[in-house]
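The structure under discussion appears below in the form of structure tokens.
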Amino acid sequence: MSSASPAPHSRTPTADEPRLDFVACASPAGLHRMAYWEWGDPDNDRVLVCVHGLTRTGRDFDALARALSREYRVACPDVVGRGRSDWLIDPAGYAIPQYVADLTTLVARLRPARLDWVGTSMGGLIGLGLAGMAAVSPALRPARGALGLGAAPDVPLGRMVFNDIGPTLNFDGLARIGTYVGQDLSFARYEQAVDYVRTVSAAFGPHDEAGWDALTRYVFPERDGRWVKHYDLRLAQPFALQTPEATAAAEALLWQAWDRLPVPALILRGAQSDILTPETAQRMLERNPRARLVEFDGVGHAPTLRADAQIAAVRDFLLAASC
């Protein structure tokens with residue numbers, strides 16, 4: 001298996017920092033390791049899994065995980081091909097089915113009594129795939145018994161947050177993302193990397209200097225005196241194969257999963273998003289009475305879940321007595 005690009009130097013974790021761990025996952029080409037960043041009490045069986053977008057890392061959720069680490073054991077994976085995780089031998093595996101399989105393996109490792117989910121963009125699609133697998137066949141539900149974790153009658157899926165993503169994907173927005181995914185670029189100075197992230201991710205909305213630094217440091221690690229992208233550039237290969245026809249076929253399956261979603265859902269939307277349109281968000285509400293919607297002005301794709309109002313929306317939903 002290939003190894004990922006180096007990441008910033010690891011330090012001994014404190015109460016305000018995550019623990020880094022790895023889980024072995026399988027693909028048709030063999031085994032690979034997926035890294036995940038864990039916050040909170042390691043014995044807490046109330047688990048929150050937070051999964052990032054296409055070119056991001058699990059460290060995107062530092063602010064949210066820190067805010068919820070008293071209530072949850074929070075696990076934030078670097079999806080394979082990103083961050084501290086291995087790179088796949090065959091880039092064709094960089095697709096939702098492989099990611100769902102890897103996250104199912106992580107869930108088995110975490111042994112949750114209750115599993116809540118926050119998925120940004122791609123992370124939301126992975127969550128929908130996992131939930132859809134549970135809804136289609138009870139035998140595939142990620143219950144403790146089904147995952148070989150001992151007899152337990154309950155399905156641990158609790159509540160799910162879909163951050164600026166839905167079953168219908170705006171093809172123009174996908175094309176915008178595709179323009180920079182496979183670009184092989186590096187910078188001689190870290191400040192140049194920050195400026196690049198600020199430009200290409202302007203839709204994240206306003207952030208102060210510390211915010212842009214936090215959004216850059218884990219996606220542009222230093223290697224041989226230059227700051228380089230943290231992910232396998234071959235992610236662009238399967239992404240480039242997407243066509244309107246292929247996207248439509250995938251959407252039909254995603255809508256089936258959404259219609260059968262067995263748990264309460266929170267849809268977060270950047271008011272200027274070019275991925276999750278207002279029409280799709282409204283359709284999601286109409287087709288699933290257990291869903292609710294929160295929009296954030298001045299933000300496109302996707303809310304970074306760093307601002308107080310964004311964290312509060314997620315926290316209030318996940319910790320509410322009922323939905």
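Note on naming: chains are A, B, ... as they come in the structure tokens, residues start from 1 per chain, ligands start from 1 in the order shown.
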
**OP:** Taking the DSSP assignment computed from this structure's backbone, write out as a ChimeraX atom specification all residues of stretch 11-130 of chain A that belong to helix (DSSP H, G or I).
**Re:** /A:58-68,91-93,96-110,122-130

Now that the selection is made, can you save its residues with N, CA and C atoms as a compact mmCIF listing (two decimals), in the first residue's frame?
```txt
# COMPACT_ATOMS: atom_id res chain seq x y z
N GLY A 58 -9.84 15.04 8.63
CA GLY A 58 -10.60 14.97 9.87
C GLY A 58 -10.34 16.13 10.81
N ARG A 59 -9.24 16.85 10.62
CA ARG A 59 -8.94 17.97 11.49
C ARG A 59 -9.83 19.19 11.20
N ASP A 60 -10.62 19.11 10.15
CA ASP A 60 -11.62 20.17 9.90
C ASP A 60 -12.59 20.30 11.07
N PHE A 61 -12.76 19.23 11.83
CA PHE A 61 -13.79 19.21 12.87
C PHE A 61 -13.25 19.52 14.26
N ASP A 62 -12.03 20.06 14.34
CA ASP A 62 -11.44 20.31 15.65
C ASP A 62 -12.35 21.13 16.55
N ALA A 63 -12.88 22.23 16.03
CA ALA A 63 -13.70 23.11 16.87
C ALA A 63 -14.99 22.41 17.30
N LEU A 64 -15.64 21.72 16.39
CA LEU A 64 -16.87 21.02 16.72
C LEU A 64 -16.59 19.87 17.68
N ALA A 65 -15.55 19.10 17.42
CA ALA A 65 -15.23 17.96 18.27
C ALA A 65 -14.88 18.41 19.68
N ARG A 66 -14.13 19.50 19.79
CA ARG A 66 -13.77 20.02 21.10
C ARG A 66 -15.03 20.42 21.87
N ALA A 67 -16.00 21.01 21.16
CA ALA A 67 -17.23 21.48 21.81
C ALA A 67 -18.12 20.32 22.27
N LEU A 68 -17.98 19.15 21.63
CA LEU A 68 -18.86 18.02 21.94
C LEU A 68 -18.15 16.87 22.66
N PRO A 91 -6.52 3.69 -7.87
CA PRO A 91 -7.29 4.90 -7.63
C PRO A 91 -8.77 4.76 -7.95
N ALA A 92 -9.16 3.71 -8.67
CA ALA A 92 -10.58 3.50 -8.94
C ALA A 92 -11.36 3.30 -7.64
N GLY A 93 -10.65 2.94 -6.57
CA GLY A 93 -11.30 2.74 -5.29
C GLY A 93 -11.69 4.01 -4.58
N ILE A 96 -17.49 6.25 -3.23
CA ILE A 96 -18.33 6.10 -2.04
C ILE A 96 -18.41 4.66 -1.53
N PRO A 97 -18.55 3.63 -2.38
CA PRO A 97 -18.63 2.27 -1.82
C PRO A 97 -17.43 1.90 -0.96
N GLN A 98 -16.21 2.24 -1.40
CA GLN A 98 -15.02 1.94 -0.59
C GLN A 98 -15.04 2.73 0.71
N TYR A 99 -15.46 3.99 0.63
CA TYR A 99 -15.48 4.82 1.84
C TYR A 99 -16.50 4.28 2.84
N VAL A 100 -17.65 3.83 2.35
CA VAL A 100 -18.65 3.25 3.25
C VAL A 100 -18.09 2.00 3.93
N ALA A 101 -17.40 1.17 3.16
CA ALA A 101 -16.81 -0.04 3.74
C ALA A 101 -15.79 0.32 4.82
N ASP A 102 -14.96 1.33 4.54
CA ASP A 102 -13.95 1.73 5.52
C ASP A 102 -14.57 2.28 6.79
N LEU A 103 -15.61 3.09 6.63
CA LEU A 103 -16.26 3.68 7.81
C LEU A 103 -17.01 2.62 8.61
N THR A 104 -17.54 1.61 7.93
CA THR A 104 -18.17 0.51 8.65
C THR A 104 -17.14 -0.21 9.51
N THR A 105 -15.93 -0.37 8.98
CA THR A 105 -14.85 -0.97 9.76
C THR A 105 -14.51 -0.11 10.97
N LEU A 106 -14.48 1.19 10.79
CA LEU A 106 -14.20 2.09 11.91
C LEU A 106 -15.30 2.00 12.97
N VAL A 107 -16.56 1.94 12.54
CA VAL A 107 -17.66 1.81 13.50
C VAL A 107 -17.49 0.54 14.32
N ALA A 108 -17.09 -0.55 13.66
CA ALA A 108 -16.85 -1.79 14.38
C ALA A 108 -15.76 -1.61 15.44
N ARG A 109 -14.72 -0.88 15.10
CA ARG A 109 -13.64 -0.63 16.05
C ARG A 109 -14.15 0.19 17.24
N LEU A 110 -15.02 1.16 17.00
CA LEU A 110 -15.44 2.08 18.05
C LEU A 110 -16.47 1.48 18.99
N MET A 122 -18.91 15.23 0.85
CA MET A 122 -18.66 13.81 0.64
C MET A 122 -18.95 12.99 1.89
N GLY A 123 -18.62 13.54 3.06
CA GLY A 123 -18.89 12.84 4.31
C GLY A 123 -20.36 12.59 4.54
N GLY A 124 -21.20 13.49 4.04
CA GLY A 124 -22.63 13.27 4.13
C GLY A 124 -23.09 12.15 3.22
N LEU A 125 -22.50 12.06 2.03
CA LEU A 125 -22.85 10.98 1.12
C LEU A 125 -22.42 9.63 1.68
N ILE A 126 -21.26 9.60 2.33
CA ILE A 126 -20.83 8.35 2.97
C ILE A 126 -21.82 7.96 4.06
N GLY A 127 -22.25 8.93 4.85
CA GLY A 127 -23.23 8.64 5.89
C GLY A 127 -24.55 8.17 5.32
N LEU A 128 -24.97 8.77 4.21
CA LEU A 128 -26.21 8.35 3.58
C LEU A 128 -26.08 6.93 3.03
N GLY A 129 -24.90 6.60 2.51
CA GLY A 129 -24.66 5.24 2.05
C GLY A 129 -24.71 4.24 3.18
N LEU A 130 -24.13 4.59 4.32
CA LEU A 130 -24.15 3.72 5.48
C LEU A 130 -25.57 3.54 5.99
```

Original post:
Which residues come within 12 Å of A:Pro303, counting only C-alpha atoms, excluding same-chain residues fewer than 5 positions away, as a count of residues only?
Top reply: 39

**OP:** Fewer than 6 positions away in the same chain doesn't count, so skip those; otherwise give me all residues within 8 Å of stretch 180-192 of chain A, counting only C-alpha atoms, as a PyMOL selection string.
**Re:** chain A and resi 55+225-229+233-237

Original post:
Skipping near chain neighbours, those fewer than 6 positions away, what residues fall within 12 Å of A:Gly83 using only C-alpha atoms, listed as a VMD selection string?
Top reply: chain A and resid 3 to 8 20 22 33 to 37 52 54 to 60 76 to 77 217 to 221 228 to 232

**OP:** Could you give me, as a PyMOL selection string, the residues within 10 Å of stretch 41-48 of chain A, counting only C-alpha atoms and dropping anything in the same chain fewer than 4 positions from it?
**Re:** chain A and resi 15+19+65+68-76+107+110-118+156-160+318

Subject >> Contacts of A:Asp208 at 12 Å (only C-alpha atoms; same-chain gap of 6+ positions) as a PyMOL selection string >> reply: chain A and resi 194+198+214-215+306-307

Take the residues from that selection and put them in a file with all heavy atoms, as a compact mmCIF listing (two decimals), in the first residue's frame.
```txt
# COMPACT_ATOMS: atom_id res chain seq x y z
N VAL A 194 -1.71 29.39 2.58
CA VAL A 194 -2.89 30.00 3.22
C VAL A 194 -3.65 30.86 2.23
O VAL A 194 -4.88 30.80 2.14
CB VAL A 194 -2.47 30.83 4.45
CG1 VAL A 194 -3.68 31.55 5.04
CG2 VAL A 194 -1.82 29.94 5.51
N ARG A 198 -7.47 30.29 1.01
CA ARG A 198 -8.43 31.39 1.16
C ARG A 198 -9.12 31.69 -0.16
O ARG A 198 -10.32 32.01 -0.19
CB ARG A 198 -7.70 32.63 1.67
CG ARG A 198 -8.63 33.77 2.12
CD ARG A 198 -7.85 35.08 2.21
NE ARG A 198 -6.67 34.96 3.04
CZ ARG A 198 -6.60 35.34 4.31
NH1 ARG A 198 -7.67 35.87 4.90
NH2 ARG A 198 -5.47 35.22 4.99
N ALA A 214 -6.05 27.52 10.47
CA ALA A 214 -6.53 26.19 10.87
C ALA A 214 -7.03 25.39 9.67
O ALA A 214 -6.91 24.16 9.64
CB ALA A 214 -7.64 26.33 11.91
N LEU A 215 -7.60 26.07 8.68
CA LEU A 215 -8.12 25.40 7.50
C LEU A 215 -7.03 25.04 6.49
O LEU A 215 -7.30 24.36 5.50
CB LEU A 215 -9.19 26.27 6.83
CG LEU A 215 -10.49 26.43 7.62
CD1 LEU A 215 -11.34 27.56 7.04
CD2 LEU A 215 -11.28 25.12 7.63
N ARG A 306 -17.07 25.90 12.23
CA ARG A 306 -16.17 26.55 13.18
C ARG A 306 -16.84 27.71 13.89
O ARG A 306 -16.52 27.99 15.05
CB ARG A 306 -14.91 27.06 12.46
CG ARG A 306 -14.04 25.97 11.85
CD ARG A 306 -12.77 26.57 11.25
NE ARG A 306 -12.04 27.36 12.21
CZ ARG A 306 -11.18 26.86 13.10
NH1 ARG A 306 -10.94 25.55 13.12
NH2 ARG A 306 -10.55 27.64 13.93
N ALA A 307 -17.75 28.39 13.24
CA ALA A 307 -18.43 29.55 13.83
C ALA A 307 -19.36 29.09 14.95
O ALA A 307 -19.92 27.99 14.91
CB ALA A 307 -19.22 30.30 12.76
```
